[in-house]
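What follows is one structure encoded as structure tokens, with my remarks underneath.
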Amino acid sequence: MNERYLLMIPGPIEFDLAVLRAMAVKTPSHIAPEFIEAFGEVLERLREVFLTSSGQPFVVAGSGTLAMDMAAANLVETGDKALVINTGYFSDRFAAILERYGAQVSQVRAELGDVPPLEEVEEALRQDDFKLMAITHVDTSTGVVADVKALAELAQRYGALSIVDGVCATAGEECRQEEWGIDVYLTASQKAIGVPPGLALLVASPGAIEAFKRRRAPVVNYYADWANWLPIMEAYEARRPSYFATPPVNLIYALKESLAQILAEGMEARFQRHRIISDAFKAALSALGLRQVPLDSAKAAHTMTAIYYPEGVDRTLLAEIKANGVVVAGGLHPAIKDKYFRVGHMGAVSPGDILATVGAIEKALAAFGYELELGEGLSAAQRMLVGLG
Ligand code: PMP
């Protein structure tokens with residue numbers, strides 16, 4: 001394959017060149033005034049992207065799993081009760097992390113491709129006294145989006161902290177941390193935030209910070225401990241030098257550029273662009289007769305799509321799509337791993353990227369002898385993309 005391929009997996013995504021260029025600087029000291037200024041701006045911009053004025057951002061070297069680990073390590077004490085709203089592979093991971101820190105985990109599980117009904121969640125909350133509720137905003141294994149607004153509202157009503165894994169959602173899928181009352185919204189850099197892998201990003205509400213400060217026992221994970229990071233984040237924001245563990249200096253420059261781009265687009269416009277692009281892609285798949293993993297279109301994410309292979313087609317389709325210049329991802333959910341594939345469409349994704357992806361899929365399906373009218377998916381997508389710049 002030549003080098004001109006489009007990376008359309010659910011992260012890492014295609015990165016904007018200005019973001020990549022922002023990293024290509026001589027690395028300054030982590031306490032150099034220009035770097036302190038950049039880090040301070042990053043923290044301020046993160047609040048705007050997460051739509052909160054009162055949250056405490058944490059930017060730490062690591063991946064999304066570290067952000068999950070950090071939320072659990074700081075908020076869970078042995079014996080605390082946690083409720084996991086399970087929509088797939090990454091909810092399973094959250095349950096495992098919470099248990100590792102001593103939580104007694106209960107789960108409300110959805111059928112594959114679905115989200116648990118709110119009544120079931122409320123029933124679970126009524127049954128026990130949960131300290132926190134963990135939600136996967138978009139489960140990358142199923143392409144299902146949880147109703148975070150309603151779930152966070154329920155958590156609040158029953159006195160539980162809400163922790164939302166936004167790794168496959170933040171800055172693409174609509175989320176309003178403060179208005180919706182989310183206590184921890186966490187993500188990683190490599191998806192809709194649009195920065196190469198390597199940053200765990202997390203914003204904690206004043207309530208979450210208070211809960212952390214009320215802990216009886218110290219946090220057992222040394223690197224993840226907010227007691228180590230809180231003074232550092234406060235210092236950078238106050239434009240003062242500080243040190244706990246060396247920050248990934250060049251990635252912070254990339255994040256500063258990416259957050260500036262996100263805010264220049266505007267959060268409302270960004271959510272809307274993700275919706276339109278997702279609708280166009282999904283319309284193309286329906287026109288081609290392909291079925292998606294989410295059982296109901298209202299529960300399908302706007303940052304990615306999970307698609308079943310049609311009858312007679314298997315995962316070798318992915319190589320054919322790749323030969324057409326587009327890289328998509330295989331299945332992840334253990335129950336259906338070889339039966340479906342996944343396409344990411346988030347961050348700087350454009351209408352042109354979606355058309356290229358639909359074209360590559362159509363052509364690959366045709367090569368497999370799947371009956372279709374070439375261009376049918378493309379025209380369905382085009383009709384929905386009209387008007388999007
Ligand atoms: N949660 C979700 C929803 C994810 O999609 C991922 C990564 N695919 C993770 C958590 C873990 O993130 P990372 O691979 O960056 O550790």
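Order determines the names: the first chain of the structure tokens is A, the second B, and so forth; residues in each chain are numbered 1 upward, and ligands are numbered 1 upward as they are shown.
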Test item: residues lying within 10 Å of ligand 1 with only C-alpha atoms and all ligand atoms, as a compact mmCIF listing (two decimals) with C-alpha atoms, in the first residue's frame:
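Written out: part-v5.txt:
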```txt
# COMPACT_ATOMS: atom_id res chain seq x y z
CA ILE A 9 -10.35 3.65 12.85
CA PRO A 10 -11.88 4.67 16.20
CA GLY A 11 -8.56 6.09 17.34
CA PRO A 12 -5.88 7.00 16.81
CA GLY A 62 -0.57 8.09 29.74
CA SER A 63 -3.47 6.71 27.73
CA GLY A 64 -7.22 6.58 28.27
CA THR A 65 -6.85 3.58 30.56
CA LEU A 66 -4.75 5.71 32.90
CA ALA A 67 -7.53 8.31 32.97
CA MET A 68 -9.97 5.54 34.01
CA ASP A 69 -7.43 4.27 36.53
CA THR A 87 -22.57 -1.29 27.26
CA GLY A 88 -19.60 -3.42 26.18
CA TYR A 89 -15.86 -4.08 26.30
CA PHE A 90 -14.80 -0.79 27.88
CA SER A 91 -17.49 -0.96 30.56
CA ASP A 92 -16.07 -4.40 31.46
CA ARG A 93 -12.67 -2.73 31.76
CA PHE A 94 -14.09 -0.04 34.04
CA ILE A 135 -20.75 5.16 32.37
CA THR A 136 -19.07 4.56 29.02
CA HIS A 137 -20.19 7.45 26.83
CA VAL A 138 -19.50 5.67 23.55
CA ASP A 139 -18.53 2.04 23.89
CA THR A 140 -15.98 1.56 21.12
CA SER A 141 -16.75 -2.15 20.90
CA THR A 142 -20.43 -1.68 20.02
CA GLY A 143 -20.75 1.88 18.69
CA VAL A 164 -18.02 9.13 32.42
CA ASP A 165 -15.51 7.44 30.11
CA GLY A 166 -15.49 9.80 27.15
CA VAL A 167 -12.46 8.27 25.44
CA CYS A 168 -14.40 7.64 22.20
CA ALA A 169 -16.68 10.65 22.65
CA THR A 170 -15.20 13.80 24.19
CA LEU A 186 -12.29 11.59 31.21
CA THR A 187 -10.70 10.96 27.86
CA ALA A 188 -7.47 10.34 25.95
CA SER A 189 -5.75 12.54 23.40
CA GLN A 190 -5.86 10.29 20.34
CA LYS A 191 -9.54 10.40 19.44
CA PRO A 197 -1.63 9.03 21.73
CA GLY A 198 0.03 9.75 25.06
CA LEU A 199 -2.21 11.99 27.14
CA ALA A 200 -4.77 11.05 29.77
CA LEU A 332 -13.50 -5.92 19.35
```
Residues within 9 Å of A:Ala18, only C-alpha atoms, excluding chain neighbours under 5 positions, as a PDB file with C-alpha atoms, in the first residue's frame:
```pdb
ATOM      1  CA  MET A  23       5.079  19.090  18.439  1.00  0.00           C
ATOM      2  CA  ALA A 254       0.088  19.686  20.260  1.00  0.00           C
ATOM      3  CA  GLU A 257      -3.006  23.751  19.130  1.00  0.00           C
ATOM      4  CA  SER A 258      -5.767  21.159  18.895  1.00  0.00           C
TER       5      SER A 258
END
```
- prompt: Where does DSSP see strand (DSSP E) in stretch 17-200 of chain A, if you list the residues as a ChimeraX atom specification?
  reply: /A:56-61,81-86,104-109,132-136,138-139,144-145,161-165,184-188,199-200
message: Ranking A:Tyr253, A:Phe212, A:Tyr309, A:Phe281 by minimum distance to A:Ala356 and counting only C-alpha atoms, which one comes first?
response: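 Comparing A:Tyr253, A:Phe212, A:Tyr309, A:Phe281 against A:Ala356, the winner is A:Phe281.
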Can you tell me, as a compact mmCIF listing (two decimals) with C-alpha atoms, in the first residue's frame, what residues are no more than 10 Å from A:Glu373 when counting only C-alpha atoms, ignoring any on the same chain fewer than 2 positions away?
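File written: around.txt
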```txt
# COMPACT_ATOMS: atom_id res chain seq x y z
CA ALA A 287 -28.45 2.29 1.26
CA LEU A 288 -25.94 -0.53 0.73
CA GLU A 362 -18.55 -0.02 -1.87
CA ALA A 366 -18.31 -5.29 -5.10
CA TYR A 370 -21.85 -8.53 -2.89
CA GLU A 371 -24.75 -7.28 -4.94
CA GLY A 375 -22.49 4.78 -6.11
CA GLU A 376 -25.69 4.11 -4.18
CA GLY A 377 -23.99 4.54 -0.80
```
- prompt: Which of these, A:Val349, A:Leu161, A:Val195, A:Leu230, has the shortest distance to A:Ile276 once you count only C-alpha atoms?
  reply: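 Among the listed residues, A:Val349 lies closest to A:Ile276.
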message: So that I can see what lies close to stretch 215-229 of chain A, please list as a ChimeraX atom specification the residues with an atom at most 12 Å from it, counting only C-alpha atoms and leaving out residues fewer than 4 positions away in the same chain.
response: /A:56-62,65-78,80,97,100-102,200,202-204,208-211,233-236,242-247
Nearest to A:Leu255 by atom-to-atom distance, counting only C-alpha atoms, from A:Gly40, A:Pro116, A:Gly352, A:Gly159: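 That would be A:Gly40, the residue with the smallest distance to A:Leu255.
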Let's see if you can do this: from backbone DSSP, list all alpha helix (DSSP H) residues in stretch 14-230 of chain A, as a tab-separated table (two decimals) with N, CA, C and O atoms, in the first residue's frame.
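Listed below is the output, out.tsv:
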```tsv
chain	number	residue	atom	x	y	z
A	17	LEU	N	-2.38	18.58	10.39
A	17	LEU	CA	-0.94	18.84	10.24
A	17	LEU	C	-0.44	19.93	11.18
A	17	LEU	O	0.69	19.86	11.67
A	18	ALA	N	-1.27	20.94	11.44
A	18	ALA	CA	-0.83	22.01	12.35
A	18	ALA	C	-0.62	21.46	13.76
A	18	ALA	O	0.28	21.91	14.49
A	19	VAL	N	-1.42	20.48	14.14
A	19	VAL	CA	-1.26	19.85	15.46
A	19	VAL	C	0.06	19.06	15.49
A	19	VAL	O	0.84	19.15	16.45
A	20	LEU	N	0.33	18.33	14.42
A	20	LEU	CA	1.58	17.56	14.37
A	20	LEU	C	2.79	18.49	14.34
A	20	LEU	O	3.79	18.26	15.02
A	21	ARG	N	2.65	19.59	13.60
A	21	ARG	CA	3.77	20.55	13.51
A	21	ARG	C	4.04	21.21	14.87
A	21	ARG	O	5.18	21.53	15.18
A	22	ALA	N	2.99	21.38	15.65
A	22	ALA	CA	3.17	22.05	16.96
A	22	ALA	C	4.09	21.24	17.87
A	22	ALA	O	4.69	21.79	18.79
A	23	MET	N	4.19	19.93	17.60
A	23	MET	CA	5.08	19.09	18.44
A	23	MET	C	6.53	19.20	18.02
A	23	MET	O	7.43	18.87	18.79
A	33	PRO	N	9.36	29.43	31.15
A	33	PRO	CA	8.17	30.29	31.16
A	33	PRO	C	7.24	30.04	29.97
A	33	PRO	O	6.02	30.02	30.14
A	34	GLU	N	7.80	29.81	28.77
A	34	GLU	CA	6.90	29.64	27.60
A	34	GLU	C	6.11	28.33	27.71
A	34	GLU	O	4.98	28.24	27.26
A	35	PHE	N	6.73	27.32	28.33
A	35	PHE	CA	5.99	26.07	28.48
A	35	PHE	C	4.94	26.19	29.59
A	35	PHE	O	3.81	25.67	29.45
A	36	ILE	N	5.29	26.87	30.67
A	36	ILE	CA	4.30	27.07	31.74
A	36	ILE	C	3.08	27.80	31.18
A	36	ILE	O	1.93	27.43	31.45
A	37	GLU	N	3.32	28.79	30.33
A	37	GLU	CA	2.22	29.53	29.72
A	37	GLU	C	1.36	28.59	28.85
A	37	GLU	O	0.13	28.60	28.93
A	38	ALA	N	2.02	27.75	28.05
A	38	ALA	CA	1.28	26.82	27.18
A	38	ALA	C	0.44	25.86	28.02
A	38	ALA	O	-0.75	25.62	27.71
A	39	PHE	N	1.01	25.31	29.07
A	39	PHE	CA	0.29	24.35	29.92
A	39	PHE	C	-0.90	25.05	30.58
A	39	PHE	O	-2.02	24.51	30.64
A	40	GLY	N	-0.67	26.27	31.06
A	40	GLY	CA	-1.75	27.03	31.69
A	40	GLY	C	-2.91	27.24	30.73
A	40	GLY	O	-4.08	27.05	31.07
A	41	GLU	N	-2.58	27.59	29.48
A	41	GLU	CA	-3.64	27.81	28.48
A	41	GLU	C	-4.38	26.50	28.19
A	41	GLU	O	-5.59	26.50	27.99
A	42	VAL	N	-3.63	25.40	28.14
A	42	VAL	CA	-4.26	24.09	27.89
A	42	VAL	C	-5.32	23.81	28.97
A	42	VAL	O	-6.45	23.38	28.66
A	43	LEU	N	-4.98	24.05	30.22
A	43	LEU	CA	-5.92	23.76	31.31
A	43	LEU	C	-7.17	24.64	31.19
A	43	LEU	O	-8.30	24.16	31.35
A	44	GLU	N	-6.98	25.90	30.84
A	44	GLU	CA	-8.13	26.80	30.68
A	44	GLU	C	-9.01	26.36	29.51
A	44	GLU	O	-10.23	26.35	29.60
A	45	ARG	N	-8.35	25.98	28.40
A	45	ARG	CA	-9.11	25.58	27.21
A	45	ARG	C	-9.85	24.26	27.44
A	45	ARG	O	-10.93	24.05	26.89
A	46	LEU	N	-9.25	23.37	28.25
A	46	LEU	CA	-9.92	22.08	28.50
A	46	LEU	C	-11.27	22.31	29.15
A	46	LEU	O	-12.26	21.64	28.82
A	47	ARG	N	-11.31	23.25	30.10
A	47	ARG	CA	-12.59	23.56	30.75
A	47	ARG	C	-13.63	23.99	29.72
A	47	ARG	O	-14.78	23.59	29.79
A	48	GLU	N	-13.21	24.78	28.74
A	48	GLU	CA	-14.16	25.25	27.73
A	48	GLU	C	-14.64	24.10	26.85
A	48	GLU	O	-15.80	24.03	26.47
A	49	VAL	N	-13.73	23.18	26.52
A	49	VAL	CA	-14.10	22.05	25.66
A	49	VAL	C	-15.03	21.08	26.41
A	49	VAL	O	-15.96	20.52	25.84
A	64	GLY	N	-5.87	6.51	27.70
A	64	GLY	CA	-7.22	6.58	28.27
A	64	GLY	C	-7.39	5.66	29.47
A	64	GLY	O	-8.10	6.01	30.42
A	65	THR	N	-6.73	4.53	29.44
A	65	THR	CA	-6.85	3.58	30.56
A	65	THR	C	-6.31	4.20	31.84
A	65	THR	O	-6.84	3.97	32.93
A	66	LEU	N	-5.27	5.01	31.71
A	66	LEU	CA	-4.75	5.71	32.90
A	66	LEU	C	-5.80	6.70	33.43
A	66	LEU	O	-5.96	6.84	34.64
A	67	ALA	N	-6.50	7.36	32.52
A	67	ALA	CA	-7.53	8.31	32.97
A	67	ALA	C	-8.62	7.56	33.75
A	67	ALA	O	-9.10	8.04	34.79
A	68	MET	N	-8.98	6.36	33.28
A	68	MET	CA	-9.97	5.54	34.01
A	68	MET	C	-9.39	5.13	35.37
A	68	MET	O	-10.05	5.20	36.41
A	69	ASP	N	-8.14	4.71	35.33
A	69	ASP	CA	-7.43	4.27	36.53
A	69	ASP	C	-7.37	5.40	37.55
A	69	ASP	O	-7.55	5.18	38.76
A	70	MET	N	-7.11	6.60	37.07
A	70	MET	CA	-6.97	7.75	37.94
A	70	MET	C	-8.30	8.07	38.63
A	70	MET	O	-8.33	8.34	39.84
A	71	ALA	N	-9.38	8.03	37.86
A	71	ALA	CA	-10.70	8.31	38.45
A	71	ALA	C	-10.98	7.28	39.55
A	71	ALA	O	-11.39	7.62	40.66
A	72	ALA	N	-10.74	6.00	39.25
A	72	ALA	CA	-11.05	4.94	40.22
A	72	ALA	C	-10.12	5.02	41.42
A	72	ALA	O	-10.56	4.95	42.57
A	73	ALA	N	-8.82	5.20	41.17
A	73	ALA	CA	-7.84	5.20	42.27
A	73	ALA	C	-8.15	6.30	43.28
A	73	ALA	O	-7.98	6.11	44.49
A	74	ASN	N	-8.59	7.45	42.79
A	74	ASN	CA	-8.79	8.60	43.67
A	74	ASN	C	-10.15	8.63	44.34
A	74	ASN	O	-10.32	9.27	45.38
A	75	LEU	N	-11.13	7.96	43.74
A	75	LEU	CA	-12.49	8.07	44.29
A	75	LEU	C	-12.96	6.81	45.01
A	75	LEU	O	-13.96	6.85	45.72
A	89	TYR	N	-17.25	-3.76	25.93
A	89	TYR	CA	-15.86	-4.08	26.30
A	89	TYR	C	-15.25	-3.08	27.28
A	89	TYR	O	-14.60	-3.45	28.24
A	90	PHE	N	-15.45	-1.78	27.03
A	90	PHE	CA	-14.80	-0.79	27.88
A	90	PHE	C	-15.53	-0.59	29.21
A	90	PHE	O	-14.93	-0.14	30.19
A	91	SER	N	-16.80	-0.95	29.26
A	91	SER	CA	-17.49	-0.96	30.56
A	91	SER	C	-16.95	-2.13	31.39
A	91	SER	O	-16.78	-2.00	32.62
A	92	ASP	N	-16.68	-3.26	30.75
A	92	ASP	CA	-16.07	-4.40	31.46
A	92	ASP	C	-14.74	-3.95	32.07
A	92	ASP	O	-14.40	-4.29	33.20
A	93	ARG	N	-13.97	-3.20	31.26
A	93	ARG	CA	-12.67	-2.73	31.76
A	93	ARG	C	-12.85	-1.82	32.97
A	93	ARG	O	-12.12	-1.92	33.95
A	94	PHE	N	-13.87	-0.95	32.91
A	94	PHE	CA	-14.09	-0.04	34.04
A	94	PHE	C	-14.42	-0.83	35.30
A	94	PHE	O	-13.94	-0.53	36.40
A	95	ALA	N	-15.26	-1.86	35.14
A	95	ALA	CA	-15.63	-2.69	36.29
A	95	ALA	C	-14.37	-3.33	36.89
A	95	ALA	O	-14.17	-3.35	38.11
A	96	ALA	N	-13.49	-3.83	36.02
A	96	ALA	CA	-12.26	-4.49	36.50
A	96	ALA	C	-11.37	-3.49	37.25
A	96	ALA	O	-10.79	-3.81	38.29
A	97	ILE	N	-11.27	-2.27	36.72
A	97	ILE	CA	-10.42	-1.26	37.38
A	97	ILE	C	-11.00	-0.90	38.75
A	97	ILE	O	-10.29	-0.82	39.75
A	98	LEU	N	-12.31	-0.69	38.79
A	98	LEU	CA	-12.96	-0.32	40.07
A	98	LEU	C	-12.75	-1.41	41.10
A	98	LEU	O	-12.45	-1.15	42.27
A	99	GLU	N	-12.90	-2.67	40.65
A	99	GLU	CA	-12.70	-3.79	41.58
A	99	GLU	C	-11.27	-3.84	42.08
A	99	GLU	O	-11.01	-4.14	43.25
A	100	ARG	N	-10.33	-3.52	41.20
A	100	ARG	CA	-8.91	-3.55	41.58
A	100	ARG	C	-8.64	-2.62	42.77
A	100	ARG	O	-7.78	-2.88	43.60
A	118	LEU	N	-33.38	3.12	31.45
A	118	LEU	CA	-33.18	4.00	32.62
A	118	LEU	C	-33.91	3.47	33.85
A	118	LEU	O	-33.43	3.62	34.97
A	119	GLU	N	-35.06	2.81	33.62
A	119	GLU	CA	-35.82	2.28	34.77
A	119	GLU	C	-35.00	1.24	35.51
A	119	GLU	O	-35.03	1.16	36.74
A	120	GLU	N	-34.25	0.42	34.73
A	120	GLU	CA	-33.42	-0.62	35.38
A	120	GLU	C	-32.30	0.02	36.19
A	120	GLU	O	-31.96	-0.45	37.28
A	121	VAL	N	-31.74	1.09	35.64
A	121	VAL	CA	-30.66	1.78	36.35
A	121	VAL	C	-31.21	2.39	37.63
A	121	VAL	O	-30.62	2.26	38.71
A	122	GLU	N	-32.38	3.00	37.52
A	122	GLU	CA	-32.97	3.63	38.70
A	122	GLU	C	-33.29	2.58	39.76
A	122	GLU	O	-33.06	2.79	40.95
A	123	GLU	N	-33.78	1.44	39.31
A	123	GLU	CA	-34.09	0.35	40.24
A	123	GLU	C	-32.82	-0.07	41.01
A	123	GLU	O	-32.84	-0.24	42.23
A	124	ALA	N	-31.71	-0.20	40.26
A	124	ALA	CA	-30.45	-0.59	40.90
A	124	ALA	C	-30.02	0.47	41.91
A	124	ALA	O	-29.55	0.15	43.01
A	125	LEU	N	-30.18	1.73	41.56
A	125	LEU	CA	-29.78	2.82	42.47
A	125	LEU	C	-30.64	2.82	43.73
A	125	LEU	O	-30.17	3.15	44.82
A	126	ARG	N	-31.91	2.43	43.55
A	126	ARG	CA	-32.83	2.39	44.69
A	126	ARG	C	-32.47	1.28	45.67
A	126	ARG	O	-32.66	1.38	46.86
A	127	GLN	N	-31.91	0.18	45.09
A	127	GLN	CA	-31.62	-1.03	45.89
A	127	GLN	C	-30.46	-0.86	46.85
A	127	GLN	O	-30.35	-1.58	47.82
A	148	VAL	N	-25.95	9.99	28.57
A	148	VAL	CA	-25.17	10.48	29.72
A	148	VAL	C	-25.95	11.52	30.52
A	148	VAL	O	-25.90	11.54	31.75
A	149	LYS	N	-26.68	12.37	29.80
A	149	LYS	CA	-27.42	13.42	30.50
A	149	LYS	C	-28.40	12.80	31.51
A	149	LYS	O	-28.41	13.16	32.69
A	150	ALA	N	-29.18	11.85	31.04
A	150	ALA	CA	-30.19	11.23	31.91
A	150	ALA	C	-29.53	10.40	33.01
A	150	ALA	O	-29.98	10.39	34.16
A	151	LEU	N	-28.45	9.69	32.66
A	151	LEU	CA	-27.79	8.84	33.66
A	151	LEU	C	-27.12	9.67	34.75
A	151	LEU	O	-27.22	9.34	35.94
A	152	ALA	N	-26.47	10.76	34.35
A	152	ALA	CA	-25.80	11.61	35.35
A	152	ALA	C	-26.85	12.25	36.25
A	152	ALA	O	-26.62	12.42	37.45
A	153	GLU	N	-27.99	12.55	35.67
A	153	GLU	CA	-29.07	13.15	36.46
A	153	GLU	C	-29.57	12.14	37.52
A	153	GLU	O	-29.78	12.47	38.68
A	154	LEU	N	-29.69	10.88	37.08
A	154	LEU	CA	-30.11	9.82	38.02
A	154	LEU	C	-29.08	9.64	39.14
A	154	LEU	O	-29.43	9.53	40.31
A	155	ALA	N	-27.80	9.62	38.75
A	155	ALA	CA	-26.73	9.46	39.75
A	155	ALA	C	-26.83	10.57	40.79
A	155	ALA	O	-26.78	10.31	42.00
A	156	GLN	N	-27.01	11.79	40.30
A	156	GLN	CA	-27.11	12.94	41.20
A	156	GLN	C	-28.29	12.78	42.15
A	156	GLN	O	-28.18	13.01	43.34
A	157	ARG	N	-29.43	12.33	41.58
A	157	ARG	CA	-30.64	12.20	42.39
A	157	ARG	C	-30.45	11.20	43.53
A	157	ARG	O	-31.00	11.33	44.60
A	177	GLN	N	-20.48	18.97	30.70
A	177	GLN	CA	-20.13	18.43	32.02
A	177	GLN	C	-20.85	19.14	33.17
A	177	GLN	O	-21.43	18.48	34.02
A	178	GLU	N	-20.80	20.47	33.17
A	178	GLU	CA	-21.37	21.17	34.32
A	178	GLU	C	-22.89	21.10	34.31
A	178	GLU	O	-23.53	20.74	35.30
A	179	GLU	N	-23.48	21.44	33.16
A	179	GLU	CA	-24.95	21.46	33.07
A	179	GLU	C	-25.54	20.08	33.37
A	179	GLU	O	-26.59	19.97	34.00
A	180	TRP	N	-24.87	19.03	32.90
A	180	TRP	CA	-25.40	17.68	33.12
A	180	TRP	C	-24.99	17.09	34.47
A	180	TRP	O	-25.39	15.98	34.82
A	206	PRO	N	-16.14	20.00	41.38
A	206	PRO	CA	-15.83	20.31	42.78
A	206	PRO	C	-16.30	19.20	43.72
A	206	PRO	O	-15.61	18.89	44.70
A	207	GLY	N	-17.41	18.56	43.42
A	207	GLY	CA	-17.92	17.46	44.25
A	207	GLY	C	-16.96	16.28	44.26
A	207	GLY	O	-16.76	15.63	45.30
A	208	ALA	N	-16.37	15.98	43.11
A	208	ALA	CA	-15.42	14.86	43.03
A	208	ALA	C	-14.16	15.19	43.82
A	208	ALA	O	-13.60	14.33	44.52
A	209	ILE	N	-13.71	16.43	43.72
A	209	ILE	CA	-12.50	16.83	44.47
A	209	ILE	C	-12.78	16.77	45.98
A	209	ILE	O	-11.95	16.30	46.76
A	210	GLU	N	-13.98	17.20	46.35
A	210	GLU	CA	-14.35	17.12	47.78
A	210	GLU	C	-14.36	15.67	48.25
A	210	GLU	O	-13.86	15.36	49.33
A	211	ALA	N	-14.95	14.79	47.44
A	211	ALA	CA	-15.00	13.36	47.81
A	211	ALA	C	-13.59	12.82	47.96
A	211	ALA	O	-13.30	12.04	48.87
A	212	PHE	N	-12.69	13.24	47.07
A	212	PHE	CA	-11.28	12.82	47.16
A	212	PHE	C	-10.67	13.33	48.47
A	212	PHE	O	-9.96	12.59	49.17
A	213	LYS	N	-10.97	14.57	48.81
A	213	LYS	CA	-10.37	15.15	50.03
A	213	LYS	C	-10.92	14.51	51.30
A	213	LYS	O	-10.28	14.56	52.35
A	226	TRP	N	-4.16	12.08	43.01
A	226	TRP	CA	-4.43	13.51	42.81
A	226	TRP	C	-3.67	14.37	43.82
A	226	TRP	O	-3.43	15.55	43.57
A	227	ALA	N	-3.31	13.80	44.98
A	227	ALA	CA	-2.55	14.58	45.95
A	227	ALA	C	-1.21	15.01	45.33
A	227	ALA	O	-0.67	16.07	45.67
A	228	ASN	N	-0.70	14.20	44.41
A	228	ASN	CA	0.53	14.57	43.71
A	228	ASN	C	0.26	15.54	42.56
A	228	ASN	O	1.09	16.39	42.25
A	229	TRP	N	-0.88	15.38	41.88
A	229	TRP	CA	-1.13	16.14	40.65
A	229	TRP	C	-1.85	17.47	40.85
A	229	TRP	O	-1.65	18.40	40.07
A	230	LEU	N	-2.68	17.53	41.88
A	230	LEU	CA	-3.48	18.74	42.07
A	230	LEU	C	-2.59	20.00	42.22
A	230	LEU	O	-2.81	21.00	41.53
```
- prompt: Using only C-alpha atoms, which residue out of A:Gly194, A:Pro28, A:Pro294, A:Gly181 lies closest to A:Ile13?
  reply: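 Nearest to A:Ile13: A:Gly194.
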- prompt: So how far away is atom CA of A:Ala301 from atom CA of A:Phe271, in Å?
  reply: 11.6 Å
- request: Using only C-alpha atoms, pick whichever of A:Ala103, A:Ala380, A:Val313, A:Leu112 has the shortest atom-to-atom distance to A:Lys299.
  value: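 Using only C-alpha atoms, A:Lys299 sits closest to A:Leu112.
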Separation of atom CA of A:Ala171 from atom CA of A:Asn250 in Å: 21.0 Å
Residue neighbourhood A:Thr303, 9 Å, only C-alpha atoms, exclusion window fewer than 5 positions, as a VMD selection string: chain A and resid 10 138 143 168 to 169 172 to 173 192 274 to 275 277 to 278 343 to 347
- request: For each of A:Leu51, A:Ile182, A:Ile193, A:Leu317, take the minimum atom-to-atom distance to A:Ser205, counting only C-alpha atoms, then give the residue where this is smallest.
  value: A:Ile182
Show which residues sit within 8 Å of A:Val115, as a tab-separated table (two decimals) with C-alpha atoms, in the first residue's frame. Count only C-alpha atoms, and ignore same-chain residues fewer than 4 positions away.
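Dumped to result27.tsv:
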```tsv
chain	number	residue	atom	x	y	z
A	86	ASN	CA	-22.35	-1.84	31.02
A	87	THR	CA	-22.57	-1.29	27.26
A	109	ARG	CA	-25.94	-4.83	31.61
A	110	ALA	CA	-27.38	-4.00	28.25
A	111	GLU	CA	-28.10	-6.52	25.55
A	144	VAL	CA	-23.51	2.49	21.21
A	145	VAL	CA	-23.93	5.89	22.87
A	146	ALA	CA	-25.23	6.11	26.44
A	299	LYS	CA	-28.62	4.70	20.39
```
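For the pair atom CA of A:Arg291 and atom CA of A:Glu311, the interatomic distance is 10.7 Å.
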